[in-house]
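Visitor: Input structure: coords_2.txt, which contains compact mmCIF, C-alpha atoms.
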```
# COMPACT_ATOMS: atom_id res chain seq x y z
CA MET A 1 44.20 -46.90 -19.18
CA LYS A 2 41.09 -45.78 -21.05
CA ARG A 3 39.85 -44.32 -17.80
CA MET A 4 42.92 -42.12 -17.29
CA VAL A 5 42.86 -40.93 -20.91
CA VAL A 6 39.19 -39.95 -20.77
CA ILE A 7 39.60 -38.13 -17.46
CA ALA A 8 42.69 -36.30 -18.74
CA VAL A 9 40.92 -35.25 -21.96
CA ALA A 10 37.89 -34.04 -19.99
CA ALA A 11 40.11 -32.05 -17.61
CA VAL A 12 42.02 -30.42 -20.48
CA PHE A 13 38.73 -29.62 -22.21
CA ALA A 14 37.38 -28.01 -19.04
CA MET A 15 40.54 -25.92 -18.61
CA VAL A 16 40.56 -24.71 -22.20
CA LEU A 17 36.87 -23.84 -22.13
CA GLY A 18 37.22 -22.14 -18.74
CA GLY A 19 40.18 -20.15 -20.00
CA ALA A 20 38.21 -19.08 -23.05
CA MET A 21 35.40 -17.89 -20.79
CA LEU A 22 37.75 -15.81 -18.67
CA ASP A 23 38.88 -14.07 -21.87
CA LEU A 24 35.38 -13.61 -23.24
CA PRO A 25 34.51 -9.95 -23.82
CA LEU A 26 31.30 -8.67 -22.30
CA GLY A 27 28.30 -9.16 -24.61
CA ALA A 28 29.21 -8.58 -28.26
CA ILE A 29 25.47 -8.85 -28.92
CA ASP A 30 23.28 -7.35 -26.25
CA LEU A 31 19.73 -8.66 -26.61
CA ARG A 32 18.45 -6.89 -23.53
CA ILE A 33 17.92 -3.62 -25.37
CA PRO A 34 15.69 -4.96 -28.20
CA VAL A 35 13.80 -7.13 -25.70
CA ALA A 36 13.08 -4.13 -23.52
CA ALA A 37 12.27 -1.89 -26.49
CA ASN A 38 9.57 -4.22 -27.84
CA LEU A 39 8.13 -5.23 -24.49
CA GLY A 40 5.19 -2.87 -24.97
CA GLU A 41 4.01 -4.73 -28.08
CA SER A 42 4.54 -8.21 -26.70
CA GLY A 43 1.35 -8.36 -24.62
CA VAL A 44 3.14 -9.15 -21.36
CA SER A 45 5.42 -7.11 -19.16
CA HIS A 46 7.87 -9.79 -17.98
CA PRO A 47 10.80 -10.19 -20.36
CA VAL A 48 11.27 -13.98 -19.93
CA THR A 49 7.61 -14.66 -20.69
CA ALA A 50 7.79 -12.28 -23.65
CA VAL A 51 10.77 -14.20 -25.05
CA LEU A 52 9.17 -17.60 -24.42
CA LEU A 53 5.72 -16.94 -25.82
CA ASN A 54 6.21 -14.07 -28.24
CA TYR A 55 9.68 -13.37 -29.62
CA ARG A 56 10.69 -17.02 -29.75
CA GLY A 57 7.29 -18.64 -29.62
CA TYR A 58 8.30 -21.31 -32.10
CA ASP A 59 10.81 -22.69 -29.60
CA THR A 60 8.03 -23.21 -27.11
CA LEU A 61 5.80 -24.69 -29.82
CA LEU A 62 8.48 -27.22 -30.70
CA GLU A 63 9.15 -27.85 -27.03
CA ILE A 64 5.60 -28.93 -26.28
CA ALA A 65 5.75 -31.08 -29.42
CA VAL A 66 8.93 -32.76 -28.11
CA LEU A 67 7.28 -33.39 -24.76
CA LEU A 68 4.23 -34.95 -26.38
CA LEU A 69 6.46 -37.04 -28.61
CA ALA A 70 8.47 -38.29 -25.62
CA LEU A 71 5.30 -39.32 -23.83
CA LEU A 72 3.94 -41.10 -26.90
CA ALA A 73 7.28 -42.88 -27.32
CA ILE A 74 7.16 -44.00 -23.69
CA LEU A 75 3.64 -45.33 -24.19
CA ALA A 76 4.84 -47.18 -27.28
CA VAL A 77 7.96 -48.60 -25.60
CA LEU A 78 6.26 -49.77 -22.45
CA GLY A 79 3.18 -50.96 -24.28
CA GLU A 80 -0.14 -51.75 -22.69
CA THR A 81 1.39 -52.99 -19.47
CA ARG A 82 -1.12 -54.17 -16.98
CA ALA A 83 -0.92 -51.57 -14.23
CA ALA A 84 -1.42 -52.53 -10.65
CA THR A 85 -4.32 -50.77 -8.98
CA PRO A 86 -2.73 -48.36 -6.51
CA ARG A 87 -2.83 -49.69 -3.02
CA ALA A 88 -5.32 -47.83 -0.86
CA ALA A 89 -3.22 -45.42 1.16
CA HIS A 90 -3.56 -44.51 4.79
CA PRO A 91 -6.66 -42.35 5.44
CA VAL A 92 -4.51 -39.59 6.95
CA LEU A 93 -2.49 -39.38 3.73
CA GLN A 94 -5.64 -39.27 1.65
CA THR A 95 -7.10 -36.48 3.78
CA LEU A 96 -3.89 -34.48 3.58
CA VAL A 97 -3.80 -34.80 -0.19
CA ARG A 98 -7.47 -33.83 -0.40
CA LEU A 99 -6.57 -30.67 1.54
CA ALA A 100 -3.40 -29.93 -0.42
CA THR A 101 -4.77 -30.41 -3.92
CA PRO A 102 -7.10 -27.37 -4.02
CA LEU A 103 -4.29 -25.22 -2.63
CA MET A 104 -1.92 -26.50 -5.30
CA ILE A 105 -4.47 -25.71 -8.00
CA VAL A 106 -4.81 -22.16 -6.63
CA VAL A 107 -1.02 -21.78 -6.60
CA ALA A 108 -0.82 -23.05 -10.18
CA VAL A 109 -3.46 -20.60 -11.40
CA TYR A 110 -1.66 -17.77 -9.60
CA LEU A 111 1.68 -18.76 -11.16
CA LEU A 112 0.05 -18.86 -14.59
CA TRP A 113 -1.50 -15.43 -14.12
CA ALA A 114 1.63 -13.92 -12.57
CA GLY A 115 3.75 -15.02 -15.54
CA ALA A 116 2.60 -11.94 -17.44
CA PHE A 117 4.38 -9.49 -15.13
CA ARG A 118 6.75 -11.39 -12.80
CA PRO A 119 8.61 -14.73 -12.68
CA GLY A 120 6.08 -17.49 -13.26
CA GLY A 121 4.22 -18.84 -16.22
CA ALA A 122 2.99 -22.03 -17.83
CA PHE A 123 5.99 -24.22 -16.99
CA GLN A 124 6.04 -23.47 -13.30
CA ALA A 125 2.25 -23.76 -13.04
CA GLY A 126 2.34 -27.02 -14.97
CA ALA A 127 4.99 -28.43 -12.63
CA VAL A 128 2.86 -27.64 -9.57
CA LEU A 129 -0.22 -29.22 -11.16
CA ALA A 130 1.81 -32.26 -12.16
CA ALA A 131 2.96 -32.68 -8.56
CA ALA A 132 -0.67 -32.53 -7.45
CA ALA A 133 -1.62 -35.20 -10.01
CA VAL A 134 1.24 -37.45 -8.88
CA LEU A 135 0.22 -37.05 -5.22
CA LEU A 136 -3.40 -37.87 -6.05
CA HIS A 137 -2.34 -41.01 -7.87
CA LEU A 138 0.10 -42.17 -5.20
CA VAL A 139 -2.55 -42.13 -2.48
CA GLY A 140 -5.00 -43.93 -4.77
CA LEU A 141 -7.46 -41.10 -5.38
CA SER A 142 -7.13 -40.86 -9.18
CA PRO A 143 -6.78 -44.31 -10.76
CA GLY A 144 -7.38 -42.94 -14.26
CA TRP A 145 -3.68 -43.22 -15.18
CA ASN A 146 -3.77 -47.00 -15.25
CA THR A 147 -5.85 -47.05 -18.39
CA PRO A 148 -5.39 -43.73 -20.22
CA ARG A 149 -8.78 -42.90 -21.73
CA LEU A 150 -9.85 -40.52 -24.46
CA LYS A 151 -10.27 -37.50 -22.15
CA LEU A 152 -6.77 -37.96 -20.74
CA ARG A 153 -5.27 -38.32 -24.20
CA MET A 154 -7.10 -35.18 -25.38
CA GLY A 155 -5.78 -33.31 -22.35
CA LEU A 156 -2.26 -34.42 -23.19
CA ALA A 157 -2.54 -33.07 -26.72
CA ALA A 158 -4.57 -29.93 -25.95
CA GLY A 159 -1.61 -27.62 -25.35
CA PHE A 160 0.09 -28.50 -28.58
CA ALA A 161 -3.21 -28.42 -30.50
CA VAL A 162 -4.19 -24.96 -29.23
CA PHE A 163 -0.70 -23.57 -29.83
CA LEU A 164 -0.64 -25.02 -33.34
CA ALA A 165 -4.12 -23.67 -34.08
CA VAL A 166 -3.10 -20.16 -33.01
CA ALA A 167 0.08 -20.42 -35.07
CA ALA A 168 -1.89 -21.58 -38.12
CA ALA A 169 -4.52 -18.86 -37.69
CA LEU A 170 -1.82 -16.19 -37.56
CA LEU A 171 0.13 -17.56 -40.50
CA PRO A 172 -1.61 -15.29 -43.07
CA GLN A 173 0.03 -12.33 -41.28
CA GLY A 174 3.25 -13.35 -42.97
CA ALA A 175 5.33 -14.74 -40.13
CA LEU A 176 5.05 -17.64 -37.71
CA LEU A 177 3.49 -16.57 -34.41
CA ARG A 178 3.59 -12.82 -34.96
CA TYR A 179 0.72 -11.70 -32.77
CA PRO A 180 -1.16 -8.47 -33.53
CA PRO A 181 -0.10 -6.23 -30.59
CA GLU A 182 -3.65 -5.48 -29.44
CA ALA A 183 -4.55 -9.19 -29.11
CA ALA A 184 -1.15 -10.46 -27.98
CA GLY A 185 -1.93 -10.52 -24.26
CA ALA A 186 -5.15 -12.52 -24.68
CA LEU A 187 -3.56 -14.95 -27.14
CA ILE A 188 -0.60 -15.57 -24.84
CA LEU A 189 -2.93 -16.20 -21.90
CA LEU A 190 -4.97 -18.65 -24.01
CA ILE A 191 -1.88 -20.52 -25.14
CA GLU A 192 -0.40 -20.55 -21.66
CA SER A 193 -3.59 -21.93 -20.11
CA ALA A 194 -3.68 -24.82 -22.58
CA LEU A 195 0.06 -25.35 -22.13
CA THR A 196 -0.30 -25.50 -18.34
CA LEU A 197 -2.94 -28.23 -18.55
CA SER A 198 -1.00 -30.28 -21.06
CA LEU A 199 2.35 -29.80 -19.35
CA ALA A 200 0.86 -30.93 -16.04
CA LEU A 201 -0.63 -34.05 -17.60
CA ILE A 202 2.51 -34.82 -19.61
CA LEU A 203 4.90 -34.36 -16.69
CA ALA A 204 2.67 -36.41 -14.41
CA GLY A 205 2.36 -39.00 -17.17
CA LEU A 206 6.12 -39.22 -17.60
CA PHE A 207 6.39 -40.06 -13.92
CA LEU A 208 3.36 -42.29 -13.51
CA LEU A 209 3.59 -44.27 -16.73
CA LEU A 210 7.25 -45.02 -16.01
CA SER A 211 6.45 -46.25 -12.51
CA ARG A 212 3.84 -48.75 -13.65
CA ASP A 213 4.42 -52.35 -12.72
CA GLU A 214 6.81 -54.44 -14.73
CA GLU A 215 5.07 -56.73 -17.18
CA ALA A 216 5.58 -60.43 -16.61
CA PRO A 217 8.66 -61.61 -18.54
CA MET B 1 35.35 -12.35 -11.04
CA THR B 2 31.60 -11.82 -11.03
CA GLY B 3 29.06 -14.32 -9.74
CA GLY B 4 27.87 -15.03 -13.26
CA LEU B 5 31.34 -16.02 -14.41
CA LEU B 6 31.63 -18.34 -11.41
CA PHE B 7 28.37 -20.03 -12.48
CA ALA B 8 29.71 -20.45 -16.00
CA LEU B 9 33.01 -21.95 -14.82
CA THR B 10 31.12 -24.35 -12.52
CA GLY B 11 29.01 -25.29 -15.52
CA VAL B 12 32.15 -26.09 -17.53
CA VAL B 13 33.41 -28.38 -14.77
CA LEU B 14 30.03 -30.12 -14.50
CA PHE B 15 29.89 -30.58 -18.26
CA ALA B 16 33.37 -32.13 -18.35
CA MET B 17 32.46 -34.45 -15.49
CA GLY B 18 29.30 -35.45 -17.32
CA VAL B 19 31.20 -36.19 -20.54
CA ALA B 20 33.69 -38.37 -18.68
CA GLY B 21 30.80 -40.15 -16.96
CA VAL B 22 28.91 -40.82 -20.19
CA VAL B 23 32.03 -42.35 -21.75
CA LEU B 24 33.25 -44.31 -18.74
CA ILE B 25 30.19 -45.57 -16.90
CA GLY B 26 28.55 -48.73 -18.18
CA HIS B 27 25.53 -48.82 -15.91
CA LEU B 28 22.68 -47.21 -17.85
CA LEU B 29 21.01 -45.48 -14.91
CA ARG B 30 24.25 -43.80 -13.91
CA ARG B 31 25.00 -42.97 -17.51
CA ILE B 32 21.64 -41.20 -17.79
CA LEU B 33 22.51 -39.28 -14.62
CA ALA B 34 25.86 -38.31 -16.14
CA PHE B 35 24.05 -37.14 -19.25
CA ASN B 36 21.85 -34.95 -17.08
CA LEU B 37 24.96 -33.56 -15.41
CA MET B 38 26.21 -32.55 -18.87
CA GLY B 39 22.92 -30.80 -19.52
CA SER B 40 22.98 -28.98 -16.20
CA GLY B 41 26.51 -27.81 -16.96
CA ALA B 42 25.43 -26.42 -20.33
CA PHE B 43 22.48 -24.62 -18.71
CA LEU B 44 24.74 -23.12 -16.06
CA VAL B 45 27.11 -21.85 -18.76
CA LEU B 46 24.23 -20.22 -20.65
CA VAL B 47 22.68 -18.60 -17.59
CA GLY B 48 26.01 -17.66 -16.04
CA LEU B 49 27.42 -15.97 -19.13
CA ALA B 50 24.18 -14.02 -19.56
CA GLN B 51 24.41 -12.83 -15.97
CA ARG B 52 27.79 -11.14 -16.03
CA ASN B 53 26.17 -7.73 -16.27
CA ASP B 54 24.08 -6.49 -13.39
CA VAL B 55 20.83 -6.93 -15.37
CA PRO B 56 20.58 -10.51 -16.70
CA ASP B 57 19.73 -11.15 -20.36
CA PRO B 58 16.24 -12.73 -20.55
CA VAL B 59 16.82 -14.60 -23.83
CA PRO B 60 19.25 -17.26 -22.52
CA GLN B 61 17.08 -17.63 -19.42
CA ALA B 62 14.07 -18.47 -21.60
CA MET B 63 16.20 -20.86 -23.66
CA VAL B 64 17.34 -22.65 -20.51
CA LEU B 65 13.76 -22.88 -19.25
CA THR B 66 12.83 -24.58 -22.52
CA GLY B 67 15.92 -26.77 -22.32
CA ILE B 68 15.16 -27.97 -18.79
CA VAL B 69 11.71 -29.19 -19.81
CA VAL B 70 13.07 -30.94 -22.89
CA ALA B 71 15.81 -32.52 -20.77
CA VAL B 72 13.16 -33.89 -18.42
CA ALA B 73 11.32 -35.44 -21.36
CA ALA B 74 14.51 -36.92 -22.81
CA THR B 75 15.46 -38.36 -19.42
CA ALA B 76 12.06 -39.96 -19.05
CA LEU B 77 12.32 -41.51 -22.50
CA ALA B 78 15.81 -42.80 -21.72
CA LEU B 79 14.53 -44.31 -18.47
CA ALA B 80 11.68 -45.99 -20.33
CA LEU B 81 14.12 -47.52 -22.82
CA ALA B 82 16.42 -48.65 -20.00
CA ARG B 83 13.46 -50.23 -18.24
CA LYS B 84 12.45 -52.05 -21.38
CA LEU B 85 16.01 -53.32 -21.77
CA HIS B 86 15.95 -54.54 -18.19
CA ALA B 87 12.63 -56.27 -18.75
CA LEU B 88 13.91 -57.98 -21.89
CA THR B 89 17.45 -58.97 -20.85
CA GLY B 90 17.62 -58.59 -17.07
CA HIS B 91 20.65 -56.30 -17.39
CA LEU B 92 21.00 -52.54 -17.10
CA GLU B 93 24.15 -52.41 -19.23
CA LEU B 94 24.58 -52.30 -22.95
CA PRO B 95 26.23 -55.39 -24.46
CA GLU B 96 29.97 -54.96 -25.05
CA ASP B 97 31.26 -54.62 -28.59
CA ALA B 98 32.63 -57.81 -30.08
CA ASP B 99 36.14 -56.41 -30.65
CA GLU B 100 36.77 -55.48 -27.04
```
Go ahead and express the file in the form of structure tokens.
Guide:
Amino acid sequence: MKRMVVIAVAAVFAMVLGGAMLDLPLGAIDLRIPVAANLGESGVSHPVTAVLLNYRGYDTLLEIAVLLLALLAILAVLGETRAATPRAAHPVLQTLVRLATPLMIVVAVYLLWAGAFRPGGAFQAGAVLAAAAVLLHLVGLSPGWNTPRLKLRMGLAAGFAVFLAVAAALLPQGALLRYPPEAAGALILLIESALTLSLALILAGLFLLLSRDEEAP
Amino acid sequence: MTGGLLFALTGVVLFAMGVAGVVLIGHLLRRILAFNLMGSGAFLVLVGLAQRNDVPDPVPQAMVLTGIVVAVAATALALALARKLHALTGHLELPEDADE
């Protein structure tokens, strides 16, 4: 009974919302024009990166804070579980990962650099680096995740710390994260580099810390 | 009908399916998946509606990019909580309310 009611309500909701969308007029507010008009002052030439790191930089600042918070919460929930040392993988796997990792780092740096003028940026680069870190751990080449040490923890927090420092340094200008146009490009690159490192470590940490061995009940 | 509108309508369907799943499914892992389906639907609506013109609006795209990363973090946290629940009780379902 409950099942039928919920499904019926969801279906009606979908139909009403879909109908509303079919009636929706085209763009009452068109943000493409102001985005394009201010692109010259933003320090980058790709509109999505300009929105992420310049126009709405505080969203990205809060986002990296949320990510860090989620990772800290996971560490707190799972506690100091005794992690199993990763089983030594097959030598062929290890060799392949040794070959792939430098390539993945190159790809990540390219994505980071390309974010200024074409699709790319810190998130994509961080995801590639995180995949490399996960691969390295799974074949047993980087056991550092079992006992997160100071360097790892600093790396996790670096993106948020650098972003926050830039935001605090620019605060006397009167608005949060309003870059001076002549320094905007360099500041965005600095923030994005720190973000890439932290995002990679946080994303890899989300995966690897969750997959640690169950503690004995 | 433009492609963008099709994306948005698909997003609406996905969102409704996700809502029904979150309410109906008791198993926590599947409930987390349903929650992600809701999120994907919302992202599709945002991107699709912004894409109805020939040149897409970059602002919703950036918002969705932020949202995807936050959704990943929230999913990981939910999985960690579910795992802890499983370690403590041996079940992957929330206890039923007393009045049911």
Visitor: What is the atom CA of Ile64 of chain A-atom CA of Leu176 of chain A distance in Å, reported with one decimal?
Guide: 16.1 Å
Visitor: Tell me the residues of chain A close to chain B, meaning within 7 Å using all atoms listed in the file, as a ChimeraX atom specification.
Guide: /A:3,6-7,10-11,14,17-18,31-32,47-48,51-52,60,63,66-67,70,74,77-78,206,210,217
Visitor: I'd like the interatomic distance between atom CA of Ala127 of chain A and atom CA of Leu203 of chain A, to a tenth of an Å.
Guide: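 These two atoms are separated by 7.2 Å.
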Visitor: I want to know what sits within 12 Å of Ala183 of chain A, based on only C-alpha atoms, with residues of the same chain fewer than 2 positions away left out; could you give that as a list of chain:residue names?
Guide: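 Skipping anything fewer than 2 positions along the chain leaves A:Glu41, A:Ser42, A:Gly43, A:Val44, A:Asn54, A:Val166, A:Leu170, A:Arg178, A:Tyr179, A:Pro180, A:Pro181, A:Gly185, A:Ala186, A:Leu187, A:Ile188, A:Leu189, A:Leu190.
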Visitor: Expressed in Å to a single decimal, how great is the separation between atom CA of Met104 of chain A and atom CA of Ser211 of chain A?
Guide: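 Between atom CA of Met104 of chain A and atom CA of Ser211 of chain A the gap is 22.6 Å.
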Visitor: Looking at only C-alpha atoms, which of B:Ser40, B:Leu33, B:His27, B:Ala82 is the one that sits closest to Glu96 of chain B?
Guide: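 Using only C-alpha atoms, Glu96 of chain B sits closest to B:His27.
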Visitor: Which residue gives the smallest distance to Asp54 of chain B among B:Val22, B:Leu92, B:Thr2, B:Ile32, with all atoms listed in the file counted?
Guide: B:Thr2
Visitor: Taking 5 positions as the minimum chain separation for residues in the same chain, which residues sit within 8 Å of Leu136 of chain A when counting all atoms listed in the file? Answer as an NGL selection string.
Guide: :A and (97 or 101 or 141-142)
Visitor: Counting all atoms listed in the file, find residues at most 12 Å from (-1.7, -23.7, -5.9) (file frame) and give them as a list of chain:residue names.
Guide: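 The requested residues, written out, are A:Leu99, A:Ala100, A:Thr101, A:Pro102, A:Leu103, A:Met104, A:Ile105, A:Val106, A:Val107, A:Ala108, A:Val109, A:Tyr110, A:Leu111, A:Leu112, A:Trp113, A:Gln124, A:Ala125, A:Gly126, A:Ala127, A:Val128, A:Leu129, A:Ala130, A:Ala131, A:Ala132.
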Visitor: Once you count all atoms listed in the file, which residues end up no further than 9 Å from (-0.8, -33.4, -20.0) in the file's frame, shown as a compact mmCIF listing (two decimals) with C-alpha atoms, in the frame of the given file?
Guide:
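So the final result, stored in selection_9.txt, reads:
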```
# COMPACT_ATOMS: atom_id res chain seq x y z
CA LEU A 68 4.23 -34.95 -26.38
CA GLY A 126 2.34 -27.02 -14.97
CA ALA A 130 1.81 -32.26 -12.16
CA LEU A 152 -6.77 -37.96 -20.74
CA ARG A 153 -5.27 -38.32 -24.20
CA MET A 154 -7.10 -35.18 -25.38
CA GLY A 155 -5.78 -33.31 -22.35
CA LEU A 156 -2.26 -34.42 -23.19
CA ALA A 157 -2.54 -33.07 -26.72
CA ALA A 158 -4.57 -29.93 -25.95
CA GLY A 159 -1.61 -27.62 -25.35
CA LEU A 195 0.06 -25.35 -22.13
CA THR A 196 -0.30 -25.50 -18.34
CA LEU A 197 -2.94 -28.23 -18.55
CA SER A 198 -1.00 -30.28 -21.06
CA LEU A 199 2.35 -29.80 -19.35
CA ALA A 200 0.86 -30.93 -16.04
CA LEU A 201 -0.63 -34.05 -17.60
CA ILE A 202 2.51 -34.82 -19.61
CA LEU A 203 4.90 -34.36 -16.69
CA ALA A 204 2.67 -36.41 -14.41
CA GLY A 205 2.36 -39.00 -17.17
```
Visitor: If the box runs along x, y and z of the file and leaves 8 Å on each side of segment 77-89 of chain B, what are its centre and edge lengths in Å, one decimal, as JSON?
Guide:
```
{"center_x": 14.6, "center_y": -50.2, "center_z": -20.5, "size_x": 21.8, "size_y": 33.5, "size_z": 20.6}
```
Visitor: Counting only C-alpha atoms, which residue out of B:Val47, B:Leu28, B:Gly41, B:Ile68 sits closest to Leu85 of chain B?
Guide: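 Ranked by minimum distance to Leu85 of chain B, first place goes to B:Leu28.
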Visitor: Of the candidates A:Leu164, A:Ala50, A:Ala184, A:Leu208, which one gets nearest to Ala37 of chain A if we count all atoms listed in the file?
Guide: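 The answer is A:Ala50, which sits nearest to Ala37 of chain A.
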Visitor: For Tyr58 of chain A, which residue among A:Ile33, A:Val9, A:Ala168, A:Leu209 is the nearest when counting only C-alpha atoms?
Guide: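 Using only C-alpha atoms, the shortest distance to Tyr58 of chain A belongs to A:Ala168.
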